[in-house]
file protein.txt (compact mmCIF, C-alpha atoms)
# COMPACT_ATOMS: atom_id res chain seq x y z
CA MET A 1 0.00 0.00 0.00
CA GLU A 2 1.28 3.42 -0.91
CA SER A 3 2.39 5.79 1.84
CA PRO A 4 0.48 9.05 2.08
CA ALA A 5 1.92 12.08 0.37
CA PRO A 6 4.03 14.42 2.52
CA GLY A 7 1.74 16.40 4.78
CA ALA A 8 -1.27 14.16 4.05
CA PRO A 9 -3.02 12.18 6.80
CA ALA A 10 -2.25 8.48 7.15
CA VAL A 11 -4.77 6.02 5.79
CA GLY A 12 -7.75 6.00 8.10
CA GLU A 13 -6.64 9.12 9.98
CA PRO A 14 -9.27 11.88 10.19
CA ALA A 15 -8.54 14.72 7.84
CA THR A 16 -9.72 18.28 7.56
CA ALA A 17 -12.74 18.66 5.30
CA PRO A 18 -12.32 20.60 2.06
CA PRO A 19 -12.50 24.38 2.57
CA ARG A 20 -16.07 25.68 2.51
CA ARG A 21 -15.29 28.18 -0.19
CA ARG A 22 -14.75 25.20 -2.50
CA ALA A 23 -17.88 23.39 -1.34
CA LEU A 24 -19.18 22.93 -4.89
CA LEU A 25 -15.88 21.84 -6.39
CA PRO A 26 -14.78 18.19 -6.41
CA ASP A 27 -12.66 17.08 -3.46
CA THR A 28 -9.38 16.09 -5.15
CA ARG A 29 -7.51 14.80 -2.10
CA PRO A 30 -7.50 11.15 -3.32
CA TRP A 31 -5.90 12.26 -6.59
CA HIS A 32 -3.03 13.94 -4.72
CA SER A 33 -2.52 11.33 -2.00
CA SER A 34 -2.47 8.11 -4.04
CA ARG A 35 -0.41 7.28 -7.13
CA ASP A 36 -2.36 4.04 -7.64
CA PHE A 37 -5.64 5.95 -7.55
CA ARG A 38 -4.37 8.19 -10.35
CA LEU A 39 -3.35 5.16 -12.44
CA LEU A 40 -6.70 3.50 -11.85
CA TRP A 41 -8.52 6.70 -12.74
CA TRP A 42 -6.75 7.10 -16.09
CA SER A 43 -7.10 3.42 -16.89
CA GLY A 44 -10.81 3.60 -16.16
CA ALA A 45 -11.28 6.79 -18.18
CA VAL A 46 -9.62 5.32 -21.27
CA THR A 47 -11.45 1.99 -20.99
CA MET A 48 -14.80 3.67 -20.42
CA LEU A 49 -14.38 5.78 -23.52
CA GLY A 50 -13.77 2.71 -25.68
CA SER A 51 -16.39 0.55 -23.99
CA PHE A 52 -19.11 3.13 -24.53
CA LEU A 53 -18.26 3.21 -28.21
CA THR A 54 -19.12 -0.49 -28.30
CA PHE A 55 -22.07 0.05 -25.96
CA VAL A 56 -23.69 2.16 -28.68
CA ALA A 57 -22.37 0.25 -31.68
CA LEU A 58 -23.59 -3.19 -30.54
CA PRO A 59 -27.34 -2.41 -30.29
CA VAL A 60 -27.15 -0.32 -33.45
CA GLN A 61 -25.61 -3.26 -35.32
CA ILE A 62 -28.24 -5.67 -33.98
CA LYS A 63 -30.96 -3.20 -34.96
CA GLU A 64 -29.50 -2.99 -38.49
CA LEU A 65 -29.33 -6.77 -38.79
CA THR A 66 -32.77 -7.54 -37.34
CA GLY A 67 -34.92 -4.40 -37.09
CA SER A 68 -36.31 -5.82 -33.82
CA ALA A 69 -36.58 -4.09 -30.43
CA PHE A 70 -36.85 -7.53 -28.83
CA ALA A 71 -33.58 -8.64 -30.45
CA VAL A 72 -31.84 -5.56 -29.05
CA GLY A 73 -33.31 -6.13 -25.59
CA ALA A 74 -32.19 -9.77 -25.74
CA ILE A 75 -28.61 -8.55 -25.18
CA GLY A 76 -29.61 -8.37 -21.55
CA VAL A 77 -30.70 -12.01 -21.55
CA VAL A 78 -27.38 -13.35 -22.79
CA GLU A 79 -25.40 -11.09 -20.45
CA LEU A 80 -27.35 -11.71 -17.27
CA VAL A 81 -26.43 -15.29 -16.33
CA PRO A 82 -22.66 -14.89 -16.95
CA LEU A 83 -22.75 -11.68 -14.94
CA ILE A 84 -24.41 -13.36 -11.97
CA VAL A 85 -22.23 -16.48 -11.97
CA PHE A 86 -18.89 -14.83 -12.66
CA GLY A 87 -19.68 -11.75 -10.60
CA LEU A 88 -20.06 -13.88 -7.48
CA TYR A 89 -17.03 -16.00 -8.36
CA GLY A 90 -15.04 -12.89 -9.25
CA GLY A 91 -15.76 -11.52 -5.79
CA ALA A 92 -14.31 -14.67 -4.21
CA LEU A 93 -11.29 -14.41 -6.50
CA ALA A 94 -10.75 -10.79 -5.50
CA ASP A 95 -10.44 -11.84 -1.84
CA ALA A 96 -8.16 -14.79 -2.62
CA LEU A 97 -5.78 -13.48 -5.34
CA ASP A 98 -3.67 -10.43 -6.02
CA ARG A 99 -6.25 -7.90 -7.12
CA ARG A 100 -3.96 -6.14 -9.57
CA THR A 101 -3.14 -9.41 -11.34
CA LEU A 102 -6.81 -10.31 -11.65
CA ILE A 103 -7.60 -6.90 -13.14
CA LEU A 104 -4.71 -7.16 -15.60
CA TRP A 105 -5.60 -10.58 -17.02
CA THR A 106 -9.30 -9.87 -17.37
CA GLU A 107 -8.51 -6.59 -19.12
CA ALA A 108 -6.35 -8.50 -21.62
CA ALA A 109 -9.17 -10.98 -22.29
CA LEU A 110 -11.65 -8.13 -22.85
CA ALA A 111 -9.26 -6.69 -25.41
CA VAL A 112 -9.37 -9.99 -27.33
CA LEU A 113 -13.17 -9.83 -27.42
CA ALA A 114 -13.04 -6.27 -28.74
CA ALA A 115 -10.81 -7.54 -31.54
CA LEU A 116 -13.37 -10.26 -32.39
CA LEU A 117 -16.14 -7.68 -32.72
CA LEU A 118 -13.98 -5.72 -35.12
CA LEU A 119 -13.14 -8.81 -37.17
CA ASN A 120 -16.82 -9.76 -37.44
CA THR A 121 -17.68 -6.28 -38.69
CA LEU A 122 -14.94 -6.52 -41.34
CA LEU A 123 -16.68 -9.54 -42.90
CA PRO A 124 -18.62 -8.91 -46.14
CA ASP A 125 -21.75 -10.12 -44.32
CA PRO A 126 -21.36 -9.65 -40.54
CA MET A 127 -23.00 -12.41 -38.51
CA LEU A 128 -25.53 -11.89 -35.73
CA TRP A 129 -24.69 -14.76 -33.39
CA PRO A 130 -21.11 -13.63 -32.61
CA LEU A 131 -22.53 -10.39 -31.23
CA TYR A 132 -24.45 -12.29 -28.58
CA VAL A 133 -21.53 -14.64 -27.84
CA VAL A 134 -19.13 -11.73 -27.34
CA ALA A 135 -21.71 -9.93 -25.20
CA ALA A 136 -22.01 -13.00 -22.95
CA LEU A 137 -18.24 -13.48 -22.65
CA SER A 138 -17.68 -9.78 -21.99
CA SER A 139 -20.28 -9.94 -19.24
CA ALA A 140 -18.50 -12.92 -17.66
CA LEU A 141 -15.12 -11.16 -17.73
CA THR A 142 -16.62 -7.96 -16.36
CA GLY A 143 -18.11 -10.02 -13.56
CA MET A 144 -14.68 -11.38 -12.73
CA GLN A 145 -12.93 -8.01 -12.95
CA ARG A 146 -15.28 -5.49 -11.35
CA PRO A 147 -15.16 -6.84 -7.77
CA ALA A 148 -11.37 -6.61 -7.80
CA LEU A 149 -11.52 -3.03 -9.06
CA ASN A 150 -14.01 -2.02 -6.39
CA ALA A 151 -12.27 -3.92 -3.61
CA LEU A 152 -8.94 -2.30 -4.48
CA LEU A 153 -10.18 1.26 -3.90
CA PRO A 154 -10.44 1.17 -0.07
CA ARG A 155 -6.87 -0.16 0.06
CA ILE A 156 -5.35 2.75 -1.86
CA VAL A 157 -7.46 5.69 -0.62
CA PRO A 158 -7.65 7.01 2.98
CA HIS A 159 -10.88 6.17 4.78
CA ASP A 160 -12.06 9.76 5.14
CA GLN A 161 -11.54 10.35 1.40
CA LEU A 162 -13.68 7.47 0.13
CA THR A 163 -16.68 9.66 -0.72
CA ALA A 164 -14.38 12.00 -2.65
CA ALA A 165 -12.79 9.01 -4.41
CA ALA A 166 -16.24 7.73 -5.39
CA ALA A 167 -17.06 11.14 -6.89
CA LEU A 168 -13.79 11.26 -8.84
CA LYS A 169 -14.33 7.69 -10.02
CA GLY A 170 -17.80 8.75 -11.12
CA LEU A 171 -16.23 11.53 -13.18
CA CYS A 172 -14.07 8.92 -14.87
CA TRP A 173 -17.14 6.90 -15.84
CA GLN A 174 -19.07 9.94 -16.98
CA LEU A 175 -16.34 11.38 -19.16
CA GLY A 176 -16.24 8.11 -21.08
CA ALA A 177 -20.02 7.81 -21.07
CA ILE A 178 -20.45 11.29 -22.56
CA ALA A 179 -17.61 11.30 -25.05
CA GLY A 180 -18.05 7.64 -26.04
CA PRO A 181 -21.70 7.74 -27.18
CA ALA A 182 -21.28 11.15 -28.80
CA LEU A 183 -18.23 9.95 -30.71
CA ALA A 184 -19.93 6.64 -31.52
CA GLY A 185 -22.97 8.40 -32.96
CA LEU A 186 -20.75 10.56 -35.17
CA LEU A 187 -18.50 7.69 -36.26
CA ILE A 188 -21.39 5.33 -37.05
CA ALA A 189 -23.23 8.01 -39.01
CA VAL A 190 -20.16 9.06 -41.00
CA ALA A 191 -17.95 5.96 -41.25
CA GLY A 192 -19.95 2.98 -40.00
CA LEU A 193 -19.39 0.60 -37.12
CA ARG A 194 -15.79 -0.39 -37.74
CA PRO A 195 -14.06 2.73 -36.33
CA ALA A 196 -16.05 2.42 -33.09
CA TYR A 197 -14.89 -1.15 -32.52
CA ALA A 198 -11.31 -0.28 -33.54
CA LEU A 199 -11.09 2.56 -31.02
CA ASP A 200 -12.44 0.27 -28.30
CA LEU A 201 -9.60 -2.16 -29.01
CA LEU A 202 -7.07 0.69 -28.83
CA SER A 203 -8.48 1.83 -25.47
CA PHE A 204 -7.89 -1.62 -23.97
CA ALA A 205 -4.26 -1.58 -25.14
CA ILE A 206 -3.65 1.75 -23.39
CA SER A 207 -5.45 0.62 -20.25
CA LEU A 208 -3.31 -2.52 -20.01
CA VAL A 209 -0.15 -0.40 -19.86
CA LEU A 210 -1.58 1.69 -17.01
CA VAL A 211 -2.87 -1.28 -14.99
CA ALA A 212 0.52 -3.00 -15.27
CA LYS A 213 2.04 -0.05 -13.36
CA LEU A 214 -0.17 -0.56 -10.30
CA ARG A 215 1.52 -1.86 -7.16
CA PRO A 216 0.72 -5.48 -6.23
CA SER A 217 -2.32 -5.95 -3.99
CA PRO A 218 -1.95 -9.44 -2.48
CA PRO A 219 -4.68 -11.13 -0.43
CA GLY A 220 -4.69 -10.99 3.35
CA GLU A 221 -3.18 -13.72 5.50
CA GLN A 222 -6.62 -15.11 6.35
CA ALA A 223 -7.88 -15.13 2.76
CA GLU A 224 -10.17 -18.01 1.86
CA LYS A 225 -9.83 -19.99 -1.33
CA PRO A 226 -12.52 -19.31 -3.95
CA SER A 227 -15.39 -21.67 -3.25
CA VAL A 228 -19.13 -21.85 -2.86
CA ARG A 229 -18.55 -21.77 0.90
CA ALA A 230 -16.60 -18.52 0.63
CA ILE A 231 -19.29 -16.95 -1.54
CA ALA A 232 -21.96 -18.07 0.93
CA GLN A 233 -20.00 -16.48 3.77
CA GLY A 234 -20.13 -13.14 1.95
CA ALA A 235 -23.85 -13.54 1.29
CA ARG A 236 -24.52 -14.28 4.98
CA TYR A 237 -22.67 -11.13 5.96
CA ALA A 238 -24.70 -9.04 3.50
CA TRP A 239 -27.93 -10.59 4.80
CA SER A 240 -26.96 -9.59 8.35
CA ARG A 241 -26.72 -5.93 7.30
CA PRO A 242 -30.18 -4.47 6.47
CA GLU A 243 -28.71 -1.17 5.29
CA LEU A 244 -26.50 -3.02 2.80
CA LEU A 245 -29.43 -5.08 1.55
CA GLY A 246 -31.34 -1.84 1.11
CA THR A 247 -28.69 -0.36 -1.16
CA TYR A 248 -28.79 -3.45 -3.36
CA VAL A 249 -32.57 -3.65 -3.59
CA VAL A 250 -33.12 0.04 -4.32
CA ASP A 251 -30.62 -0.05 -7.17
CA ILE A 252 -32.01 -3.25 -8.69
CA ALA A 253 -35.52 -1.78 -8.60
CA ALA A 254 -34.40 1.47 -10.26
CA MET A 255 -32.60 -0.33 -13.06
CA LEU A 256 -35.21 -3.04 -13.57
CA PHE A 257 -38.11 -0.63 -13.98
CA ALA A 258 -36.46 2.51 -15.34
CA PHE A 259 -33.50 1.66 -17.58
CA PRO A 260 -34.72 2.38 -21.14
CA LEU A 261 -31.41 2.52 -23.01
CA ALA A 262 -32.17 -0.57 -25.10
CA VAL A 263 -35.03 1.26 -26.87
CA PHE A 264 -33.21 4.55 -27.45
CA PRO A 265 -32.68 3.80 -31.17
CA PHE A 266 -36.43 3.27 -31.54
CA LEU A 267 -37.31 6.29 -29.40
CA ALA A 268 -35.08 8.44 -31.60
CA ASP A 269 -36.97 7.13 -34.66
CA ASP A 270 -40.31 7.84 -32.99
CA LEU A 271 -39.27 11.43 -32.29
CA GLY A 272 -37.94 11.90 -35.82
CA ALA A 273 -34.53 12.66 -34.36
CA ASP A 274 -32.08 9.99 -35.50
CA TRP A 275 -29.38 12.65 -35.32
CA ALA A 276 -29.89 12.85 -31.51
CA LEU A 277 -29.27 9.17 -30.71
CA GLY A 278 -25.74 9.84 -29.46
CA LEU A 279 -27.03 12.78 -27.38
CA MET A 280 -29.66 10.54 -25.80
CA TYR A 281 -27.02 8.07 -24.68
CA ALA A 282 -24.82 10.93 -23.45
CA ALA A 283 -27.53 12.85 -21.57
CA ILE A 284 -27.69 10.56 -18.53
CA PRO A 285 -23.92 10.56 -17.90
CA ALA A 286 -23.88 14.30 -18.58
CA GLY A 287 -26.35 14.79 -15.74
CA SER A 288 -24.17 12.61 -13.53
CA LEU A 289 -21.16 14.67 -14.53
CA LEU A 290 -22.85 17.88 -13.42
CA VAL A 291 -23.39 16.37 -9.98
CA ASN A 292 -19.83 15.09 -9.65
CA VAL A 293 -18.14 18.30 -10.76
CA THR A 294 -20.08 20.06 -7.98
CA SER A 295 -19.59 17.26 -5.45
CA GLY A 296 -17.57 19.07 -2.78
CA TRP A 297 -20.67 19.11 -0.55
CA THR A 298 -20.88 15.32 -0.50
CA SER A 299 -17.97 14.91 1.93
CA ARG A 300 -20.07 16.69 4.57
CA VAL A 301 -23.13 14.46 4.18
CA HIS A 302 -23.61 11.75 6.82
CA ARG A 303 -27.18 10.47 6.24
CA HIS A 304 -26.22 8.57 3.11
CA GLY A 305 -29.09 6.07 3.05
CA ARG A 306 -31.79 8.74 2.97
CA LEU A 307 -30.27 10.39 -0.08
CA VAL A 308 -29.99 7.02 -1.83
CA LEU A 309 -33.78 6.56 -1.56
CA TYR A 310 -34.67 10.13 -2.49
CA ALA A 311 -32.39 10.01 -5.53
CA SER A 312 -33.90 6.72 -6.69
CA ALA A 313 -37.36 8.32 -6.69
CA GLY A 314 -35.95 11.27 -8.63
CA TRP A 315 -34.49 8.92 -11.24
CA GLY A 316 -37.87 7.25 -11.73
CA LEU A 317 -39.72 10.56 -12.13
CA ALA A 318 -37.23 11.81 -14.70
CA ILE A 319 -37.41 8.59 -16.75
CA ALA A 320 -41.21 8.78 -16.67
CA GLY A 321 -40.93 12.33 -18.00
CA ALA A 322 -38.70 11.13 -20.84
CA GLY A 323 -41.36 8.59 -21.77
CA TRP A 324 -44.14 11.16 -21.80
CA ALA A 325 -42.31 13.98 -23.60
CA GLY A 326 -42.97 14.34 -27.32
CA ASN A 327 -40.12 16.76 -28.01
CA ILE A 328 -36.53 15.62 -28.31
CA TRP A 329 -35.22 18.52 -26.23
CA LEU A 330 -37.64 17.74 -23.39
CA VAL A 331 -36.55 14.11 -23.55
CA LEU A 332 -32.90 15.13 -23.34
CA GLY A 333 -33.67 17.40 -20.39
CA CYS A 334 -35.41 14.59 -18.52
CA LEU A 335 -32.52 12.24 -19.19
CA LEU A 336 -30.12 14.91 -17.88
CA LEU A 337 -32.10 15.13 -14.63
CA ALA A 338 -32.18 11.34 -14.39
CA GLY A 339 -28.41 11.22 -14.67
CA GLY A 340 -28.01 13.68 -11.81
CA ALA A 341 -30.28 11.65 -9.56
CA ASP A 342 -28.44 8.44 -10.48
CA ALA A 343 -25.10 10.03 -9.58
CA VAL A 344 -26.33 11.02 -6.11
CA SER A 345 -27.69 7.53 -5.47
CA GLY A 346 -24.56 5.79 -6.75
CA LEU A 347 -22.20 8.07 -4.86
CA PHE A 348 -23.74 7.41 -1.47
CA ARG A 349 -24.32 3.71 -2.09
CA THR A 350 -20.62 3.39 -2.86
CA THR A 351 -19.69 5.34 0.25
CA ILE A 352 -21.78 3.04 2.46
CA TRP A 353 -20.10 0.01 0.91
CA ASN A 354 -16.54 1.29 1.09
CA GLN A 355 -16.78 2.70 4.60
CA THR A 356 -18.40 -0.26 6.33
CA ILE A 357 -17.31 -3.57 4.76
CA PRO A 358 -14.20 -5.35 6.17
CA ASP A 359 -11.31 -5.80 3.72
CA ASP A 360 -11.29 -9.60 3.97
CA LEU A 361 -14.89 -9.66 2.69
CA ARG A 362 -14.61 -6.72 0.35
CA GLY A 363 -14.21 -8.72 -2.87
CA ARG A 364 -17.16 -11.00 -2.20
CA LEU A 365 -19.40 -8.11 -1.20
CA ALA A 366 -18.22 -6.22 -4.28
CA GLY A 367 -19.42 -9.19 -6.32
CA ILE A 368 -22.86 -8.89 -4.73
CA GLU A 369 -22.81 -5.11 -5.27
CA MET A 370 -22.00 -5.63 -8.91
CA LEU A 371 -25.06 -7.81 -9.33
CA SER A 372 -27.19 -4.90 -8.12
CA TYR A 373 -25.74 -2.12 -10.27
CA ALA A 374 -24.76 -4.23 -13.29
CA GLY A 375 -27.31 -7.05 -13.22
CA GLY A 376 -30.17 -4.59 -12.79
CA PRO A 377 -29.55 -2.87 -16.14
CA GLN A 378 -29.46 -6.23 -17.91
CA LEU A 379 -32.85 -7.10 -16.47
CA GLY A 380 -33.99 -3.60 -17.35
CA GLN A 381 -33.04 -4.10 -21.00
CA VAL A 382 -35.05 -7.32 -21.11
CA ARG A 383 -38.04 -5.64 -19.43
CA VAL A 384 -38.14 -2.53 -21.61
CA GLY A 385 -37.59 -4.46 -24.84
CA GLY A 386 -40.25 -7.04 -24.06
CA MET A 387 -42.71 -4.47 -22.75
CA ALA A 388 -42.20 -2.27 -25.81
CA ALA A 389 -43.22 -5.22 -27.97
CA LEU A 390 -46.36 -5.82 -25.85
CA THR A 391 -47.60 -2.36 -24.83
CA GLY A 392 -45.83 0.03 -27.19
CA LEU A 393 -42.65 2.06 -27.00
CA ARG A 394 -43.73 5.02 -24.88
CA PRO A 395 -45.61 3.08 -22.16
CA SER A 396 -42.61 0.79 -21.72
CA VAL A 397 -40.63 3.87 -20.64
CA TRP A 398 -43.02 5.98 -18.57
CA LEU A 399 -44.73 3.10 -16.79
CA GLY A 400 -41.32 1.80 -15.76
CA GLY A 401 -40.41 5.21 -14.34
CA LEU A 402 -43.57 5.33 -12.22
CA ALA A 403 -42.92 1.79 -10.98
CA CYS A 404 -39.46 2.91 -9.85
CA VAL A 405 -40.97 5.81 -7.85
CA THR A 406 -43.45 3.44 -6.22
CA CYS A 407 -40.68 1.03 -5.24
CA ALA A 408 -38.56 3.82 -3.73
CA GLY A 409 -41.49 4.89 -1.58
CA ALA A 410 -42.19 1.33 -0.45
CA LEU A 411 -38.53 0.68 0.37
CA SER A 412 -38.25 3.86 2.45
CA ALA A 413 -40.99 2.48 4.69
CA ALA A 414 -39.78 -1.14 4.66
CA LEU A 415 -36.09 -0.42 5.31
CA PRO A 416 -35.75 1.89 8.33
CA ALA A 417 -32.09 0.86 8.74
CA LEU A 418 -31.29 2.44 5.38
CA MET A 419 -33.34 5.58 6.05
CA SER A 420 -31.63 6.11 9.43
CA TYR A 421 -28.08 5.24 8.33
CA ASP A 422 -25.54 7.77 9.64
CA ASP A 423 -21.81 7.17 9.17
CA ARG A 424 -21.05 8.95 12.47
CA THR A 425 -23.03 6.43 14.52
CA ASN A 426 -23.33 3.26 12.43
CA GLU A 427 -21.37 0.55 14.29
CA HIS A 428 -19.80 -0.88 11.14
CA ALA A 429 -18.65 2.51 9.85
CA VAL A 430 -17.21 3.41 13.26
CA ARG A 431 -15.41 0.05 13.53
CA GLU A 432 -13.92 0.25 10.04
CA ARG A 433 -12.81 3.84 10.57
CA ALA A 434 -11.05 2.81 13.78
CA ARG A 435 -9.36 -0.13 12.05
CA ARG A 436 -8.08 2.03 9.21
CA GLY A 437 -6.89 4.60 11.74
CA ALA A 438 -4.94 1.95 13.60
CA GLU A 439 -3.35 0.76 10.33
CA GLY A 440 -2.34 4.33 9.51
CA ALA A 441 -0.85 4.87 12.95
CA GLY A 442 1.04 1.59 12.73
CA SER A 443 2.58 2.52 9.40
CA ALA A 444 3.60 6.03 10.46
CA PRO A 445 7.32 6.59 10.91
call {"tool": "encode", "arguments": {"input": "protein.txt", "output": "structure tokens"}}
result
Amino acid sequence: MESPAPGAPAVGEPATAPPRRRALLPDTRPWHSSRDFRLLWWSGAVTMLGSFLTFVALPVQIKELTGSAFAVGAIGVVELVPLIVFGLYGGALADALDRRTLILWTEAALAVLAALLLLNTLLPDPMLWPLYVVAALSSALTGMQRPALNALLPRIVPHDQLTAAAALKGLCWQLGAIAGPALAGLLIAVAGLRPAYALDLLSFAISLVLVAKLRPSPPGEQAEKPSVRAIAQGARYAWSRPELLGTYVVDIAAMLFAFPLAVFPFLADDLGADWALGLMYAAIPAGSLLVNVTSGWTSRVHRHGRLVLYASAGWGLAIAGAGWAGNIWLVLGCLLLAGGADAVSGLFRTTIWNQTIPDDLRGRLAGIEMLSYAGGPQLGQVRVGGMAALTGLRPSVWLGGLACVTCAGALSAALPALMSYDDRTNEHAVRERARRGAEGAGSAP
């Protein structure tokens, strides 16, 4: 683990909050205090840019080959099972292996899959089935990699800076999510699908170089071997923590009922605005970006669970508005608001996870977390695609948004532990803060 920068607090040691005059600016302390955080940030930014190129190109290519909303939504079907199985197993691996090594090898395998997508597109008659096969394999590899990425963060960032690190990590995702779809829309319209897949492959090559520079992150002395028993141990711990269960359920509900990205190509057609498809994909991350670039206030928030629930309801309302609106600019505005609400929810969910879960269980719990924020969208794609075929395009969007609002209200009543969560008094947050403080004191010269 990297030593703190000169003058910076030791890991786990309380630090002075960002100056109030900068309350709306991002808290950049993690960037300055951790070399590995900077490497991870740049690696993530580059990979996200390339991955979002493919994120847009893949459904567009399936739409071109089939003309079916159901076929586009079926991407979620083929991705869901590998994500669940390998997400849970990847969490066990992240607790048992060197986390940097696991990230490096899965990143290399994802690069190979990006190359296969490009090769398929270079064929005179691109085939449909490889698109689903690559989607399934990519989902499996993401499931193996993401828990290690998430479990690594609390090791390289001081405890009191974890909210700030989550905001900066969110910026990384959003920069790629905004630039990637916008660039993909332009490239596909002007030059076709091939440049999008080629740039995705290049992004993986750059990311591999950055990940290779990370310091090793070996497992703890008491690490358990990957097994069903180890996974079950993590699940039992999550079940014992109602506030953790609440963060998973609220996110799954939001994504299941109000994640309409699979029908964006058809919604753009319905609005007579094919030119705005890239903007539609970029609007949600743009809203998230606005929240994260003004996220200095988040380090002073302590009632994280309450904001998670309120933001989930806001997401649902905004998605419902996008389904109702008949003007492309109103739709884009609603999606922008949805992105802001999603950023608030994600930021404080991540803070609860990172500040309260012990390191020896962090990988397995990250695997469960990934099922909530990655598995939910896959289910959401299946739901919106199937519902669009049954009830029509617009109802599939706005009814889902209203269902999300209803679920947020029900969960706020059913999960008092999440509504009352306060990091100053929660026993798990206090215990983990004390442990990190003791580690920092023990490593001080």
call {"tool": "closest_residue", "arguments": {"input": "protein.txt", "among": "A:Ser420, A:Ser217, A:Gln222, A:Gln174", "to": "A:Pro154", "atoms": "only C-alpha atoms"}}
result
A:Ser217
call {"tool": "closest_residue", "arguments": {"input": "protein.txt", "among": "A:Lys169, A:Arg435, A:Arg155, A:Arg100", "to": "A:Ala45", "atoms": "all atoms listed in the file"}}
result
A:Lys169
call {"tool": "atom_distance", "arguments": {"input": "protein.txt", "atom1": "atom CA of A:Ala96", "atom2": "atom CA of A:Ser372"}}
result
22.1 Å
call {"tool": "closest_residue", "arguments": {"input": "protein.txt", "among": "A:Ala148, A:Ala318, A:Ala414, A:Ala115", "to": "A:Pro218", "atoms": "all atoms listed in the file"}}
result
A:Ala148
call {"tool": "atom_distance", "arguments": {"input": "protein.txt", "atom1": "atom CA of A:Ser412", "atom2": "atom CA of A:Leu88"}}
result
27.3 Å
call {"tool": "residues_around", "arguments": {"input": "protein.txt", "residues": "A:Val397", "least_positions_apart": "6", "cutoff": "10 Å", "atoms": "only C-alpha atoms", "output": "list in words"}}
result
Phe257, Ala258, Phe259, Pro260, Leu261, Val263, Leu267, Gly316, Ile319, Ala320, Gly321, Ala322, Gly323, Trp324, Arg383, Val384, Gly385, Met387 and Ala388 of chain A
call {"tool": "closest_residue", "arguments": {"input": "protein.txt", "among": "A:Gly401, A:Ser345, A:Val72, A:Gly180", "to": "A:Thr47", "atoms": "all atoms listed in the file"}}
result
A:Gly180
call {"tool": "closest_residue", "arguments": {"input": "protein.txt", "among": "A:Leu244, A:Ala184, A:Leu39, A:Ile178", "to": "A:Trp353", "atoms": "only C-alpha atoms"}}
result
A:Leu244
call {"tool": "closest_residue", "arguments": {"input": "protein.txt", "among": "A:Arg194, A:Arg300, A:Arg241, A:Arg394", "to": "A:Pro126", "atoms": "only C-alpha atoms"}}
result
A:Arg194
call {"tool": "residues_around", "arguments": {"input": "protein.txt", "residues": "A:Gly143", "least_positions_apart": "6", "cutoff": "7 Å", "atoms": "all atoms listed in the file", "output": "list in words"}}
result
Leu83, Phe86, Gly87 and Gly90 of chain A
call {"tool": "write_last_selection", "arguments": {"input": "protein.txt", "atoms": "C-alpha atoms", "output": "compact mmCIF listing (two decimals), in the coordinates of the input"}}
result
# COMPACT_ATOMS: atom_id res chain seq x y z
CA LEU A 83 -22.75 -11.68 -14.94
CA PHE A 86 -18.89 -14.83 -12.66
CA GLY A 87 -19.68 -11.75 -10.60
CA GLY A 90 -15.04 -12.89 -9.25
call {"tool": "closest_atom_pairs", "arguments": {"input": "protein.txt", "of": "stretch 255-349 of chain A", "to": "stretch 56-61 of chain A", "cutoff": "10 Å", "atoms": "all atoms listed in the file", "output": "Markdown table"}}
result
| residue | atom | partner | partner_atom | distance |
| --- | --- | --- | --- | --- |
| A:Leu261 | CA | A:Val56 | CA | 9.6 |
| A:Ala262 | CA | A:Pro59 | CA | 7.3 |
| A:Val263 | CA | A:Pro59 | CA | 9.2 |
| A:Phe264 | CA | A:Pro59 | CA | 9.5 |
| A:Pro265 | CA | A:Val60 | CA | 7.3 |
| A:Leu277 | CA | A:Val56 | CA | 9.2 |
| A:Gly278 | CA | A:Val56 | CA | 8.0 |
| A:Tyr281 | CA | A:Val56 | CA | 7.9 |
call {"tool": "residues_around", "arguments": {"input": "protein.txt", "residues": "stretch 213-215 of chain A", "least_positions_apart": "2", "cutoff": "10 Å", "atoms": "all atoms listed in the file", "output": "PyMOL selection string"}}
result
chain A and resi 1-2+35-40+99-101+104+156+208-211+217-218
call {"tool": "write_last_selection", "arguments": {"input": "protein.txt", "atoms": "C-alpha atoms", "output": "short mmCIF file (atom, residue, chain, number, x, y, z; two decimals), in the coordinates of the input"}}
result
data_model
loop_
_atom_site.label_atom_id
_atom_site.label_comp_id
_atom_site.auth_asym_id
_atom_site.auth_seq_id
_atom_site.Cartn_x
_atom_site.Cartn_y
_atom_site.Cartn_z
CA MET A 1 0.00 0.00 0.00
CA GLU A 2 1.28 3.42 -0.91
CA ARG A 35 -0.41 7.28 -7.13
CA ASP A 36 -2.36 4.04 -7.64
CA PHE A 37 -5.64 5.95 -7.55
CA ARG A 38 -4.37 8.19 -10.35
CA LEU A 39 -3.35 5.16 -12.44
CA LEU A 40 -6.70 3.50 -11.85
CA ARG A 99 -6.25 -7.90 -7.12
CA ARG A 100 -3.96 -6.14 -9.57
CA THR A 101 -3.14 -9.41 -11.34
CA LEU A 104 -4.71 -7.16 -15.60
CA ILE A 156 -5.35 2.75 -1.86
CA LEU A 208 -3.31 -2.52 -20.01
CA VAL A 209 -0.15 -0.40 -19.86
CA LEU A 210 -1.58 1.69 -17.01
CA VAL A 211 -2.87 -1.28 -14.99
CA SER A 217 -2.32 -5.95 -3.99
CA PRO A 218 -1.95 -9.44 -2.48
#
call {"tool": "atom_distance", "arguments": {"input": "protein.txt", "atom1": "atom CA of A:Ile252", "atom2": "atom CA of A:Tyr373"}}
result
6.6 Å
call {"tool": "residues_around", "arguments": {"input": "protein.txt", "residues": "A:Ala311", "least_positions_apart": "5", "cutoff": "9 Å", "atoms": "only C-alpha atoms", "output": "list in words"}}
result
Arg306, Gly316, Ala338, Gly340, Ala341, Asp342, Ala343, Val344, Ser345, Gly346 and Ala408 of chain A
